[in-house]
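Structure file upload.pdb with PDB, C-alpha atoms and all ligand atoms:
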```
ATOM      1  CA  MET A  26     -13.785   7.515 -18.302
ATOM      2  CA  HIS A  27     -13.813   4.168 -20.041
ATOM      3  CA  ALA A  28     -13.327   3.842 -23.757
ATOM      4  CA  ASP A  29     -14.368   0.643 -25.491
ATOM      5  CA  ALA A  30     -12.692  -2.292 -23.837
ATOM      6  CA  GLN A  31      -9.669  -3.473 -25.756
ATOM      7  CA  PRO A  32      -8.131  -6.747 -24.721
ATOM      8  CA  SER A  33      -4.543  -6.016 -23.818
ATOM      9  CA  ASN A  34      -2.280  -7.061 -21.027
ATOM     10  CA  SER A  35       0.379  -4.463 -21.505
ATOM     11  CA  THR A  36       0.617  -0.817 -20.703
ATOM     12  CA  PRO A  37       2.711   1.433 -22.874
ATOM     13  CA  PRO A  38       5.570   3.018 -20.960
ATOM     14  CA  ASN A  39       5.384   6.780 -20.735
ATOM     15  CA  SER A  40       1.745   6.626 -21.552
ATOM     16  CA  GLY A  41       1.414  10.304 -20.714
ATOM     17  CA  GLY A  42      -1.847  10.133 -18.867
ATOM     18  CA  ALA A  43      -3.589   7.114 -20.337
ATOM     19  CA  ALA A  44      -2.989   3.417 -19.814
ATOM     20  CA  THR A  45      -4.642   0.606 -21.701
ATOM     21  CA  THR A  46      -5.950  -2.309 -19.699
ATOM     22  CA  ARG A  47      -8.393  -5.009 -20.594
ATOM     23  CA  TRP A  48     -11.086  -2.773 -19.163
ATOM     24  CA  GLY A  49     -10.204  -0.152 -21.731
ATOM     25  CA  VAL A  50      -8.412   3.121 -21.359
ATOM     26  CA  VAL A  51      -7.808   4.159 -17.787
ATOM     27  CA  ARG A  52      -6.465   7.580 -16.972
ATOM     28  CA  THR A  53      -3.255   7.847 -14.998
ATOM     29  CA  SER A  54      -2.434  11.231 -13.597
ATOM     30  CA  PRO A  55      -0.432  13.323 -16.041
ATOM     31  CA  ILE A  56       0.468  15.700 -13.223
ATOM     32  CA  ASP A  57       3.564  16.194 -11.089
ATOM     33  CA  ALA A  58       4.279  12.863  -9.399
ATOM     34  CA  PRO A  59       7.514  11.966  -7.588
ATOM     35  CA  VAL A  60       6.744   8.250  -7.813
ATOM     36  CA  ARG A  61       5.432   6.360 -10.813
ATOM     37  CA  ILE A  62       5.177   2.804 -11.994
ATOM     38  CA  GLU A  63       4.817   2.025 -15.662
ATOM     39  CA  GLY A  64       3.730  -1.228 -17.243
ATOM     40  CA  LEU A  65       4.719  -3.266 -14.198
ATOM     41  CA  GLU A  66       4.568  -7.030 -14.604
ATOM     42  CA  LYS A  67       5.416  -9.473 -11.842
ATOM     43  CA  SER A  68       4.917 -13.206 -11.485
ATOM     44  CA  PHE A  69       5.822 -15.572  -8.687
ATOM     45  CA  GLY A  70       6.319 -18.948 -10.330
ATOM     46  CA  LYS A  71       3.247 -19.494 -12.466
ATOM     47  CA  GLN A  72       1.184 -16.912 -10.610
ATOM     48  CA  ARG A  73       0.895 -13.687 -12.575
ATOM     49  CA  VAL A  74       0.292 -11.056  -9.912
ATOM     50  CA  LEU A  75       0.813  -7.783 -11.813
ATOM     51  CA  ARG A  76      -0.125  -7.776 -15.487
ATOM     52  CA  GLY A  77       0.927  -4.399 -16.748
ATOM     53  CA  VAL A  78       0.144  -1.914 -13.991
ATOM     54  CA  SER A  79       0.756   1.831 -14.377
ATOM     55  CA  MET A  80       0.022   4.479 -11.803
ATOM     56  CA  ALA A  81       1.365   7.831 -10.693
ATOM     57  CA  PHE A  82       1.312   9.185  -7.142
ATOM     58  CA  PRO A  83       0.720  12.957  -7.176
ATOM     59  CA  ARG A  84       3.091  15.112  -5.139
ATOM     60  CA  GLY A  85       1.846  16.168  -1.718
ATOM     61  CA  LYS A  86      -1.378  14.182  -2.086
ATOM     62  CA  THR A  87      -2.658  10.917  -0.670
ATOM     63  CA  THR A  88      -3.241   8.109  -3.130
ATOM     64  CA  VAL A  89      -5.189   5.091  -1.927
ATOM     65  CA  VAL A  90      -4.586   1.797  -3.702
ATOM     66  CA  LEU A  91      -7.629  -0.425  -3.337
ATOM     67  CA  GLY A  92      -8.242  -3.997  -4.302
ATOM     68  CA  PRO A  93      -9.152  -7.402  -2.922
ATOM     69  CA  SER A  94      -6.797  -9.420  -0.773
ATOM     70  CA  GLY A  95      -3.996 -10.991  -2.790
ATOM     71  CA  CYS A  96      -4.331  -8.670  -5.791
ATOM     72  CA  GLY A  97      -0.783  -7.371  -5.412
ATOM     73  CA  LYS A  98      -1.066  -4.175  -3.355
ATOM     74  CA  SER A  99       1.821  -4.974  -1.003
ATOM     75  CA  VAL A 100       3.810  -6.255  -3.979
ATOM     76  CA  ILE A 101       3.469  -2.811  -5.582
ATOM     77  CA  LEU A 102       4.709  -1.042  -2.436
ATOM     78  CA  LYS A 103       7.731  -3.340  -2.280
ATOM     79  CA  HIS A 104       8.586  -2.446  -5.888
ATOM     80  CA  LEU A 105       8.558   1.260  -5.045
ATOM     81  CA  VAL A 106      11.475   0.847  -2.634
ATOM     82  CA  GLY A 107      13.329  -1.796  -4.624
ATOM     83  CA  LEU A 108      12.520  -4.694  -2.272
ATOM     84  CA  LEU A 109      11.129  -6.498  -5.337
ATOM     85  CA  LYS A 110      12.239  -6.140  -8.960
ATOM     86  CA  PRO A 111       9.717  -6.216 -11.790
ATOM     87  CA  ASP A 112       9.784  -8.821 -14.557
ATOM     88  CA  LYS A 113       8.847  -6.008 -16.937
ATOM     89  CA  GLY A 114       8.108  -2.312 -16.685
ATOM     90  CA  ARG A 115       9.634   0.587 -14.796
ATOM     91  CA  VAL A 116       9.603   2.057 -11.303
ATOM     92  CA  LEU A 117      10.534   5.737 -11.145
ATOM     93  CA  TYR A 118      11.459   8.009  -8.272
ATOM     94  CA  GLU A 119      11.868  11.614  -9.405
ATOM     95  CA  GLY A 120      12.504  10.266 -12.903
ATOM     96  CA  GLU A 121      15.177   7.790 -11.796
ATOM     97  CA  ARG A 122      14.839   4.062 -12.563
ATOM     98  CA  VAL A 123      14.580   2.510  -9.084
ATOM     99  CA  ASP A 124      14.190  -0.955 -10.591
ATOM    100  CA  ARG A 125      17.681  -0.773 -12.101
ATOM    101  CA  LEU A 126      19.597   0.435  -9.058
ATOM    102  CA  SER A 127      22.043  -1.660  -7.052
ATOM    103  CA  GLU A 128      21.411  -2.085  -3.310
ATOM    104  CA  ARG A 129      24.100   0.526  -2.616
ATOM    105  CA  LYS A 130      22.479   3.131  -4.855
ATOM    106  CA  LEU A 131      19.030   2.283  -3.513
ATOM    107  CA  ALA A 132      19.984   3.281   0.037
ATOM    108  CA  PRO A 133      19.687   7.078  -0.418
ATOM    109  CA  ILE A 134      16.403   6.633  -2.273
ATOM    110  CA  ARG A 135      14.974   4.350   0.422
ATOM    111  CA  ARG A 136      15.788   7.084   2.931
ATOM    112  CA  GLN A 137      13.223   9.286   1.174
ATOM    113  CA  PHE A 138      10.534   6.729   1.976
ATOM    114  CA  GLY A 139       8.861   6.041   5.309
ATOM    115  CA  PHE A 140       7.246   2.606   5.353
ATOM    116  CA  LEU A 141       4.483   1.585   7.738
ATOM    117  CA  PHE A 142       4.504  -2.165   7.230
ATOM    118  CA  GLN A 143       1.379  -4.306   7.198
ATOM    119  CA  GLN A 144       2.626  -6.125  10.287
ATOM    120  CA  GLY A 145       3.474  -3.231  12.658
ATOM    121  CA  ALA A 146       6.944  -4.662  13.292
ATOM    122  CA  LEU A 147       8.163  -2.806  16.361
ATOM    123  CA  PHE A 148      11.111  -4.434  18.113
ATOM    124  CA  ASP A 149       9.640  -5.987  21.264
ATOM    125  CA  SER A 150      12.913  -5.840  23.184
ATOM    126  CA  MET A 151      13.354  -2.094  22.659
ATOM    127  CA  THR A 152      11.600   0.825  24.297
ATOM    128  CA  VAL A 153       9.499   3.216  22.262
ATOM    129  CA  TYR A 154      12.432   5.649  22.322
ATOM    130  CA  ASP A 155      14.887   3.080  20.950
ATOM    131  CA  ASN A 156      12.414   1.836  18.350
ATOM    132  CA  ILE A 157      12.031   5.335  16.966
ATOM    133  CA  ALA A 158      15.727   6.187  17.214
ATOM    134  CA  PHE A 159      16.622   2.978  15.371
ATOM    135  CA  PRO A 160      16.494   4.375  11.791
ATOM    136  CA  MET A 161      18.746   7.284  12.822
ATOM    137  CA  ARG A 162      21.268   4.883  14.346
ATOM    138  CA  GLU A 163      21.242   2.785  11.182
ATOM    139  CA  LEU A 164      22.461   5.700   9.080
ATOM    140  CA  GLU A 165      26.005   5.414   7.830
ATOM    141  CA  GLY A 166      28.464   7.818   9.402
ATOM    142  CA  GLU A 167      27.597  10.502  11.875
ATOM    143  CA  SER A 168      23.858  11.004  12.336
ATOM    144  CA  PRO A 169      23.014  14.601  11.469
ATOM    145  CA  TYR A 170      20.154  14.569  13.946
ATOM    146  CA  ASP A 171      19.663  15.556  17.541
ATOM    147  CA  GLU A 172      18.301  12.150  18.422
ATOM    148  CA  GLU A 173      16.212  12.884  21.466
ATOM    149  CA  ALA A 174      14.661  16.055  20.049
ATOM    150  CA  ARG A 175      13.753  14.168  16.904
ATOM    151  CA  VAL A 176      12.218  11.221  18.792
ATOM    152  CA  ARG A 177      10.160  13.548  20.973
ATOM    153  CA  ARG A 178       8.993  15.582  18.003
ATOM    154  CA  VAL A 179       7.604  12.612  16.069
ATOM    155  CA  LEU A 180       6.087  11.115  19.214
ATOM    156  CA  ARG A 181       4.306  14.418  19.840
ATOM    157  CA  LEU A 182       3.097  14.319  16.263
ATOM    158  CA  VAL A 183       1.330  11.013  16.947
ATOM    159  CA  GLY A 184       0.229  12.118  20.437
ATOM    160  CA  LEU A 185       2.257   9.565  22.399
ATOM    161  CA  GLU A 186       5.148  11.401  24.019
ATOM    162  CA  SER A 187       4.116   9.935  27.376
ATOM    163  CA  THR A 188       4.956   6.396  26.185
ATOM    164  CA  ILE A 189       8.605   7.169  25.441
ATOM    165  CA  GLU A 190      10.009   4.771  28.041
ATOM    166  CA  LYS A 191       7.481   1.981  27.554
ATOM    167  CA  TYR A 192       7.930  -1.303  25.733
ATOM    168  CA  PRO A 193       5.640  -2.251  22.819
ATOM    169  CA  SER A 194       3.950  -4.985  24.904
ATOM    170  CA  GLU A 195       2.715  -2.273  27.288
ATOM    171  CA  LEU A 196       0.872  -0.461  24.468
ATOM    172  CA  SER A 197      -2.454  -1.163  22.767
ATOM    173  CA  GLY A 198      -2.516  -2.255  19.118
ATOM    174  CA  GLY A 199      -3.536   1.233  18.026
ATOM    175  CA  GLN A 200      -0.754   2.852  20.042
ATOM    176  CA  GLN A 201       1.770   0.433  18.541
ATOM    177  CA  LYS A 202       0.676   1.482  15.053
ATOM    178  CA  ARG A 203       1.125   5.123  16.013
ATOM    179  CA  VAL A 204       4.632   4.442  17.344
ATOM    180  CA  ALA A 205       5.440   2.573  14.112
ATOM    181  CA  LEU A 206       4.135   5.609  12.237
ATOM    182  CA  ALA A 207       6.353   7.925  14.297
ATOM    183  CA  ARG A 208       9.306   5.706  13.421
ATOM    184  CA  ALA A 209       8.336   5.753   9.729
ATOM    185  CA  VAL A 210       8.596   9.541   9.605
ATOM    186  CA  VAL A 211      11.573  10.127  11.907
ATOM    187  CA  LEU A 212      14.007  10.636   9.004
ATOM    188  CA  GLU A 213      11.608  13.168   7.441
ATOM    189  CA  PRO A 214      10.754  11.131   4.373
ATOM    190  CA  LYS A 215       9.273  12.722   1.269
ATOM    191  CA  ILE A 216       7.039   9.727   0.634
ATOM    192  CA  VAL A 217       5.147   7.692   3.244
ATOM    193  CA  LEU A 218       3.898   4.221   2.381
ATOM    194  CA  TYR A 219       1.119   2.824   4.542
ATOM    195  CA  ASP A 220       0.308  -0.862   4.138
ATOM    196  CA  GLU A 221      -3.124  -1.542   5.682
ATOM    197  CA  PRO A 222      -2.663   1.043   8.431
ATOM    198  CA  THR A 223      -6.054   0.391  10.058
ATOM    199  CA  THR A 224      -6.267  -3.405   9.849
ATOM    200  CA  GLY A 225      -7.015  -4.990  13.196
ATOM    201  CA  LEU A 226      -8.051  -1.720  14.832
ATOM    202  CA  ASP A 227     -11.515  -0.836  16.089
ATOM    203  CA  PRO A 228     -13.338   1.999  14.301
ATOM    204  CA  ILE A 229     -12.236   4.684  16.757
ATOM    205  CA  ARG A 230      -8.586   3.700  16.719
ATOM    206  CA  SER A 231      -8.802   3.415  12.925
ATOM    207  CA  ASP A 232     -10.070   6.931  12.768
ATOM    208  CA  VAL A 233      -7.155   8.169  14.875
ATOM    209  CA  ILE A 234      -4.838   6.666  12.256
ATOM    210  CA  ASN A 235      -6.863   8.283   9.460
ATOM    211  CA  GLU A 236      -6.545  11.654  11.156
ATOM    212  CA  LEU A 237      -2.799  11.106  11.532
ATOM    213  CA  ILE A 238      -2.401  10.288   7.844
ATOM    214  CA  ILE A 239      -4.122  13.579   7.027
ATOM    215  CA  LYS A 240      -2.106  15.490   9.621
ATOM    216  CA  LEU A 241       1.241  14.107   8.440
ATOM    217  CA  LYS A 242       0.374  15.037   4.882
ATOM    218  CA  GLN A 243      -0.392  18.589   5.961
ATOM    219  CA  GLU A 244       2.435  19.115   8.452
ATOM    220  CA  LEU A 245       5.251  17.234   6.759
ATOM    221  CA  ARG A 246       3.966  17.870   3.222
ATOM    222  CA  VAL A 247       4.600  14.261   2.283
ATOM    223  CA  THR A 248       3.295  12.321  -0.667
ATOM    224  CA  SER A 249       1.319   9.446   0.830
ATOM    225  CA  ILE A 250       0.479   6.072  -0.617
ATOM    226  CA  VAL A 251      -2.058   4.085   1.366
ATOM    227  CA  VAL A 252      -2.871   0.477   0.582
ATOM    228  CA  THR A 253      -6.079  -0.658   2.174
ATOM    229  CA  HIS A 254      -9.330  -2.516   1.866
ATOM    230  CA  ASP A 255     -10.878  -0.429   4.645
ATOM    231  CA  LEU A 256     -13.275   1.672   2.586
ATOM    232  CA  THR A 257     -14.158   4.105   5.370
ATOM    233  CA  SER A 258     -10.497   4.892   5.774
ATOM    234  CA  ALA A 259      -9.957   5.032   2.008
ATOM    235  CA  PHE A 260     -12.649   7.637   1.417
ATOM    236  CA  LYS A 261     -11.563   9.665   4.417
ATOM    237  CA  VAL A 262      -7.887  10.045   3.484
ATOM    238  CA  ALA A 263      -7.829   9.820  -0.318
ATOM    239  CA  ASP A 264      -7.231  12.667  -2.720
ATOM    240  CA  HIS A 265      -6.717  10.121  -5.467
ATOM    241  CA  MET A 266      -7.667   6.460  -5.782
ATOM    242  CA  VAL A 267      -6.579   3.518  -7.878
ATOM    243  CA  MET A 268      -8.305   0.155  -7.862
ATOM    244  CA  LEU A 269      -6.502  -3.032  -8.815
ATOM    245  CA  TYR A 270      -8.243  -6.207  -9.807
ATOM    246  CA  ASP A 271      -6.887  -9.332 -11.423
ATOM    247  CA  GLY A 272      -3.439  -7.806 -11.830
ATOM    248  CA  GLN A 273      -4.601  -4.664 -13.609
ATOM    249  CA  VAL A 274      -5.873  -1.185 -12.883
ATOM    250  CA  VAL A 275      -9.671  -1.060 -13.141
ATOM    251  CA  LEU A 276     -10.160   2.576 -12.224
ATOM    252  CA  ASP A 277      -7.882   5.542 -11.514
ATOM    253  CA  GLY A 278      -9.466   8.800 -10.429
ATOM    254  CA  ASP A 279     -10.631  10.958  -7.548
ATOM    255  CA  PRO A 280     -12.925   9.588  -4.814
ATOM    256  CA  GLU A 281     -15.971  11.130  -6.490
ATOM    257  CA  GLU A 282     -15.241   9.172  -9.680
ATOM    258  CA  PHE A 283     -15.189   5.999  -7.597
ATOM    259  CA  ARG A 284     -18.512   6.804  -5.972
ATOM    260  CA  ARG A 285     -20.069   7.497  -9.369
ATOM    261  CA  SER A 286     -18.413   4.605 -11.202
ATOM    262  CA  ASP A 287     -20.734   2.242 -13.057
ATOM    263  CA  ASP A 288     -17.966  -0.327 -13.488
ATOM    264  CA  PRO A 289     -19.400  -3.569 -12.031
ATOM    265  CA  THR A 290     -16.059  -4.648 -10.515
ATOM    266  CA  VAL A 291     -15.659  -1.315  -8.727
ATOM    267  CA  GLY A 292     -19.311  -1.327  -7.628
ATOM    268  CA  ARG A 293     -19.101  -4.837  -6.205
ATOM    269  CA  PHE A 294     -15.899  -4.003  -4.346
ATOM    270  CA  LEU A 295     -17.372  -0.833  -2.851
ATOM    271  CA  ARG A 296     -20.533  -2.684  -1.820
ATOM    272  CA  GLY A 297     -18.495  -5.591  -0.416
ATOM    273  CA  GLU A 298     -20.100  -8.167  -2.696
ATOM    274  CA  ALA A 299     -18.385 -11.235  -4.112
ATOM    275  CA  SER A 300     -18.578 -11.733  -7.878
ATOM    276  CA  ASP A 301     -20.492 -14.656  -9.397
ATOM    277  CA  ASP A 302     -17.160 -16.360 -10.190
ATOM    278  CA  GLU A 303     -15.956 -15.989  -6.612
ATOM    279  CA  LEU A 304     -19.234 -17.331  -5.217
ATOM    280  CA  ARG A 305     -19.159 -20.250  -7.652
ATOM    281  CA  ALA A 306     -15.564 -21.094  -6.633
ATOM    282  CA  ILE A 307     -16.530 -21.065  -2.938
ATOM    283  CA  ARG A 308     -19.601 -23.255  -3.580
ATOM    284  CA  GLU A 309     -17.487 -25.732  -5.551
ATOM    285  CA  VAL A 310     -14.943 -25.987  -2.732
ATOM    286  CA  THR A 311     -17.725 -26.380  -0.167
ATOM    287  CA  ALA A 312     -19.426 -29.059  -2.261
ATOM    288  CA  ALA A 313     -16.108 -30.917  -2.692
ATOM    289  CA  ASN A 314     -15.462 -30.768   1.065
ATOM    290  CA  ARG A 315     -18.933 -32.083   1.836
ATOM    291  CA  GLU A 316     -18.434 -34.906  -0.639
ATOM    292  CA  SER A 317     -15.077 -35.931   0.837
ATOM    293  CA  ALA A 318     -16.540 -35.732   4.366
ATOM    294  CA  ARG A 319     -19.461 -37.913   3.239
ATOM    295  CA  VAL A 320     -17.122 -40.502   1.675
ATOM    296  CA  SER A 321     -14.993 -40.637   4.840
ATOM    297  CA  GLY A 322     -18.167 -41.034   6.896
ATOM    298  CA  ASP A 323     -17.945 -37.752   8.801
ATOM    299  CA  ILE A 324     -21.444 -36.717   7.740
ATOM    300  CA  SER A 325     -24.233 -38.626   6.176
TER     301      SER A 325
HETATM  302  N1  LIG A 401       7.760 -13.021  -2.189
HETATM  303  C1  LIG A 401       6.717 -13.683  -2.694
HETATM  304  N2  LIG A 401       6.856 -14.935  -3.167
HETATM  305  C2  LIG A 401       5.817 -15.605  -3.699
HETATM  306  N3  LIG A 401       4.568 -15.107  -3.811
HETATM  307  C3  LIG A 401       4.367 -13.880  -3.354
HETATM  308  C4  LIG A 401       5.414 -13.082  -2.769
HETATM  309  N4  LIG A 401       4.917 -11.897  -2.419
HETATM  310  C5  LIG A 401       3.614 -11.917  -2.757
HETATM  311  N5  LIG A 401       3.283 -13.098  -3.317
HETATM  312  C6  LIG A 401       1.966 -13.466  -3.827
HETATM  313  O1  LIG A 401       1.488 -12.397  -4.620
HETATM  314  C7  LIG A 401       0.093 -12.199  -4.420
HETATM  315  C8  LIG A 401      -0.152 -10.750  -4.058
HETATM  316  O2  LIG A 401       0.379 -10.535  -2.770
HETATM  317  P1  LIG A 401       0.210  -9.174  -1.973
HETATM  318  O3  LIG A 401       0.866  -9.399  -0.665
HETATM  319  O4  LIG A 401       0.696  -8.039  -2.796
HETATM  320  O5  LIG A 401      -1.366  -9.083  -1.833
HETATM  321  P2  LIG A 401      -2.219  -7.871  -1.230
HETATM  322  O6  LIG A 401      -3.014  -7.272  -2.318
HETATM  323  O7  LIG A 401      -1.305  -6.985  -0.467
HETATM  324  O8  LIG A 401      -3.205  -8.668  -0.248
HETATM  325  P3  LIG A 401      -3.700  -8.300   1.260
HETATM  326  O9  LIG A 401      -4.799  -7.300   1.078
HETATM  327  O10 LIG A 401      -4.213  -9.608   1.768
HETATM  328  O11 LIG A 401      -2.531  -7.785   2.021
HETATM  329  C9  LIG A 401      -0.337 -13.180  -3.350
HETATM  330  O12 LIG A 401      -0.963 -14.273  -3.959
HETATM  331  C10 LIG A 401       0.956 -13.601  -2.688
HETATM  332  O13 LIG A 401       0.881 -14.917  -2.238
HETATM  333 MG    MG A 402      -0.965  -6.657   1.518
END
```
Would it be possible to restate this file's structure as structure tokens?
Ligand SMILES: Nc1ncnc2c1ncn2[C@@H]1O[C@H](COP(=O)(O)OP(=O)(O)OP(=O)(O)O)[C@@H](O)[C@H]1O
Ligand SMILES: [Mg+2]
Amino acid sequence: MHADAQPSNSTPPNSGGAATTRWGVVRTSPIDAPVRIEGLEKSFGKQRVLRGVSMAFPRGKTTVVLGPSGCGKSVILKHLVGLLKPDKGRVLYEGERVDRLSERKLAPIRRQFGFLFQQGALFDSMTVYDNIAFPMRELEGESPYDEEARVRRVLRLVGLESTIEKYPSELSGGQQKRVALARAVVLEPKIVLYDEPTTGLDPIRSDVINELIIKLKQELRVTSIVVTHDLTSAFKVADHMVMLYDGQVVLDGDPEEFRRSDDPTVGRFLRGEASDDELRAIREVTAANRESARVSGDIS
């Protein structure tokens, strides 16, 4: 998988299956992919979050994007739907440059995406029915849908038709996620983006969400992109995985390639171990805190 490491921060656009990172050559899928990012760079002020990231999301499959907290996973999802614009690089939907589109031209593309946000984000003041109907009511012009039939269908899909008249506060956290998922697919998107779909759920509720991700892929034939650091979930739902670290892709391959990887960064992440640098940084902060507490007389 890895050629000799070549220091480089950029990824050639249209790399046709191979991207160069500072870890060396990493394969990106050369196959049919409705969504791609190429050589994406993004900074916020002085913070360089994405440093030349390329990945392709194969059609009808589930891609899991892995990486430690703060590495830019949510930032990538926001680029896919034009909520953020890259400093450099390209975002493509069916070959079209999403990053160059005006808000008006983005609207029909956004409609192809269902987005399960990291913070569930149901409207507390609306019933389950109204929450799910909301995207249909937001459409310009006459809605082409039979609203109630549509709401019931997606609620059945997530196994919660009985909650149709309830308010979010009457549901458990896991049920709220499932309602948010029903809402994400009510317009029959071609792509579903899941940002940390299992965070905050116990293992059984997490597994219900995993099963739903698999079911939606099969029944709606969607292309799914799942951002997570829940490894159990990742290995259960993934057909394809990409790991980000330090603003770059470390590994891009199928789950088996991740299990077999001898890359130390991947290995540490999969084993849940901090790197020496991370441990050193934590010890330095702890030592500095102890010192300032000692000086102010809090501890002796
Ligand atoms: N709109 C923004 N303005 C400034 N900084 C931002 C913005 N969005 C993201 N960032 C910064 O970019 C970095 C990556 O953020 P991102 O939300 O993508 O992380 P993540 O990988 O999704 O982490 P987590 O697993 O904790 O959700 C963070 O340091 C964050 O503070
Ligand atoms: Mg995030």
Item to complete: Tell me, in Å to one decimal, how far atom CA of Leu185 of chain A is from atom CA of Gln200 of chain A.
Response: 7.7 Å
If we draw a sphere of 7 Å around (-1.9, -2.1, -14.2), which residues have at least one atom in it when counting all atoms listed in the file? Please report them as a compact mmCIF listing (two decimals) with C-alpha atoms, in the frame of the given file.
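Now in point_12.txt:
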```txt
# COMPACT_ATOMS: atom_id res chain seq x y z
CA THR A 46 -5.95 -2.31 -19.70
CA GLY A 64 3.73 -1.23 -17.24
CA LEU A 65 4.72 -3.27 -14.20
CA LEU A 75 0.81 -7.78 -11.81
CA ARG A 76 -0.12 -7.78 -15.49
CA GLY A 77 0.93 -4.40 -16.75
CA VAL A 78 0.14 -1.91 -13.99
CA SER A 79 0.76 1.83 -14.38
CA GLY A 272 -3.44 -7.81 -11.83
CA GLN A 273 -4.60 -4.66 -13.61
CA VAL A 274 -5.87 -1.18 -12.88
```
Item to complete: Select, from A:Pro193, A:Pro222, A:Gly184, A:Pro214, the residue with the minimum atom-to-atom distance to ligand LIG 401 (chain A), counting only C-alpha atoms and all ligand atoms.
Response: A:Pro222
What would the selection look like, as a tab-separated table (two decimals) with C-alpha atoms, keeping the file's coordinate frame, if the PyMOL selection byres (((not hetatm)) within 9 of (chain A and resi 402)) were run on the coordinates I just shared?
```tsv
chain	number	residue	atom	x	y	z
A	94	SER	CA	-6.80	-9.42	-0.77
A	95	GLY	CA	-4.00	-10.99	-2.79
A	96	CYS	CA	-4.33	-8.67	-5.79
A	97	GLY	CA	-0.78	-7.37	-5.41
A	98	LYS	CA	-1.07	-4.18	-3.36
A	99	SER	CA	1.82	-4.97	-1.00
A	100	VAL	CA	3.81	-6.26	-3.98
A	102	LEU	CA	4.71	-1.04	-2.44
A	143	GLN	CA	1.38	-4.31	7.20
A	220	ASP	CA	0.31	-0.86	4.14
A	221	GLU	CA	-3.12	-1.54	5.68
A	252	VAL	CA	-2.87	0.48	0.58
A	253	THR	CA	-6.08	-0.66	2.17
```
Discussion item. I'd like the interatomic distance between atom CA of Thr248 of chain A and atom O13 of ligand LIG 401 (chain A), to a tenth of an Å.
Written reply: 27.4 Å
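Here the question is which of A:Lys86, A:Lys71, A:Lys215, A:Arg208 gets nearest to ligand LIG 401 (chain A) using all atoms listed in the file, and that residue is A:Lys71.
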Item to complete: Using only C-alpha atoms and all ligand atoms, find the one residue out of A:Leu91, A:Ile62, A:Leu180, A:Ile238 that sits nearest to ligand LIG 401 (chain A).
Response: A:Leu91
Worksheet item: Between A:Tyr270, A:Phe69, A:Phe138, A:Phe148, which one has atoms that come closest to ligand LIG 401 (chain A), using all atoms listed in the file?
Response: A:Phe69
Worksheet item: Closest to ligand LIG 401 (chain A) among A:Pro59, A:Pro111, A:Pro133, A:Gly199, using all atoms listed in the file?
Response: A:Pro111
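Taking only C-alpha atoms into account, those protein, DNA and RNA residues with any atom at most 10 Å away from (3.8, 13.8, 15.1) amount to Val176, Arg177, Arg178, Val179, Leu180, Arg181, Leu182, Val183, Gly184, Leu185, Glu186, Arg203, Val204, Leu206, Ala207, Arg208, Val210, Val211, Leu237, Lys240, Leu241, Glu244 and Leu245 of chain A.
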Keeping C-alpha atoms, export the residues of the selection given above as a PDB file, in the coordinates of the input.
```
ATOM      1  CA  VAL A 176      12.218  11.221  18.792  1.00  0.00           C
ATOM      2  CA  ARG A 177      10.160  13.548  20.973  1.00  0.00           C
ATOM      3  CA  ARG A 178       8.993  15.582  18.003  1.00  0.00           C
ATOM      4  CA  VAL A 179       7.604  12.612  16.069  1.00  0.00           C
ATOM      5  CA  LEU A 180       6.087  11.115  19.214  1.00  0.00           C
ATOM      6  CA  ARG A 181       4.306  14.418  19.840  1.00  0.00           C
ATOM      7  CA  LEU A 182       3.097  14.319  16.263  1.00  0.00           C
ATOM      8  CA  VAL A 183       1.330  11.013  16.947  1.00  0.00           C
ATOM      9  CA  GLY A 184       0.229  12.118  20.437  1.00  0.00           C
ATOM     10  CA  LEU A 185       2.257   9.565  22.399  1.00  0.00           C
ATOM     11  CA  GLU A 186       5.148  11.401  24.019  1.00  0.00           C
ATOM     12  CA  ARG A 203       1.125   5.123  16.013  1.00  0.00           C
ATOM     13  CA  VAL A 204       4.632   4.442  17.344  1.00  0.00           C
ATOM     14  CA  LEU A 206       4.135   5.609  12.237  1.00  0.00           C
ATOM     15  CA  ALA A 207       6.353   7.925  14.297  1.00  0.00           C
ATOM     16  CA  ARG A 208       9.306   5.706  13.421  1.00  0.00           C
ATOM     17  CA  VAL A 210       8.596   9.541   9.605  1.00  0.00           C
ATOM     18  CA  VAL A 211      11.573  10.127  11.907  1.00  0.00           C
ATOM     19  CA  LEU A 237      -2.799  11.106  11.532  1.00  0.00           C
ATOM     20  CA  LYS A 240      -2.106  15.490   9.621  1.00  0.00           C
ATOM     21  CA  LEU A 241       1.241  14.107   8.440  1.00  0.00           C
ATOM     22  CA  GLU A 244       2.435  19.115   8.452  1.00  0.00           C
ATOM     23  CA  LEU A 245       5.251  17.234   6.759  1.00  0.00           C
TER      24      LEU A 245
END
```
Fill in: Test item: the PyMOL selection byres (((chain A and resi 290-294) around 10) and not hetatm) resolved as a PyMOL selection string
chain A and resi 91-93+254+256+268-270+275-276+283-289+295-300
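The shortest atom-to-atom distance to ligand LIG 401 (chain A), with all atoms listed in the file taken into account, belongs to A:Asp255 out of A:Asp255, A:Asp301, A:Glu236, A:Glu316.
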Item to complete: Tell me, in Å to one decimal, how far atom CA of Arg84 of chain A is from atom CA of Met266 of chain A.
Response: 13.8 Å
For ligand LIG 401 (chain A), I'd like the enclosing box, axis-aligned and padded by 3 Å on every side, reported as AutoDock Vina command-line options with centre and edge lengths in Å to one decimal.
```
--center_x 1.5 --center_y -11.3 --center_z -1.3 --size_x 18.6 --size_y 14.6 --size_z 12.6
```
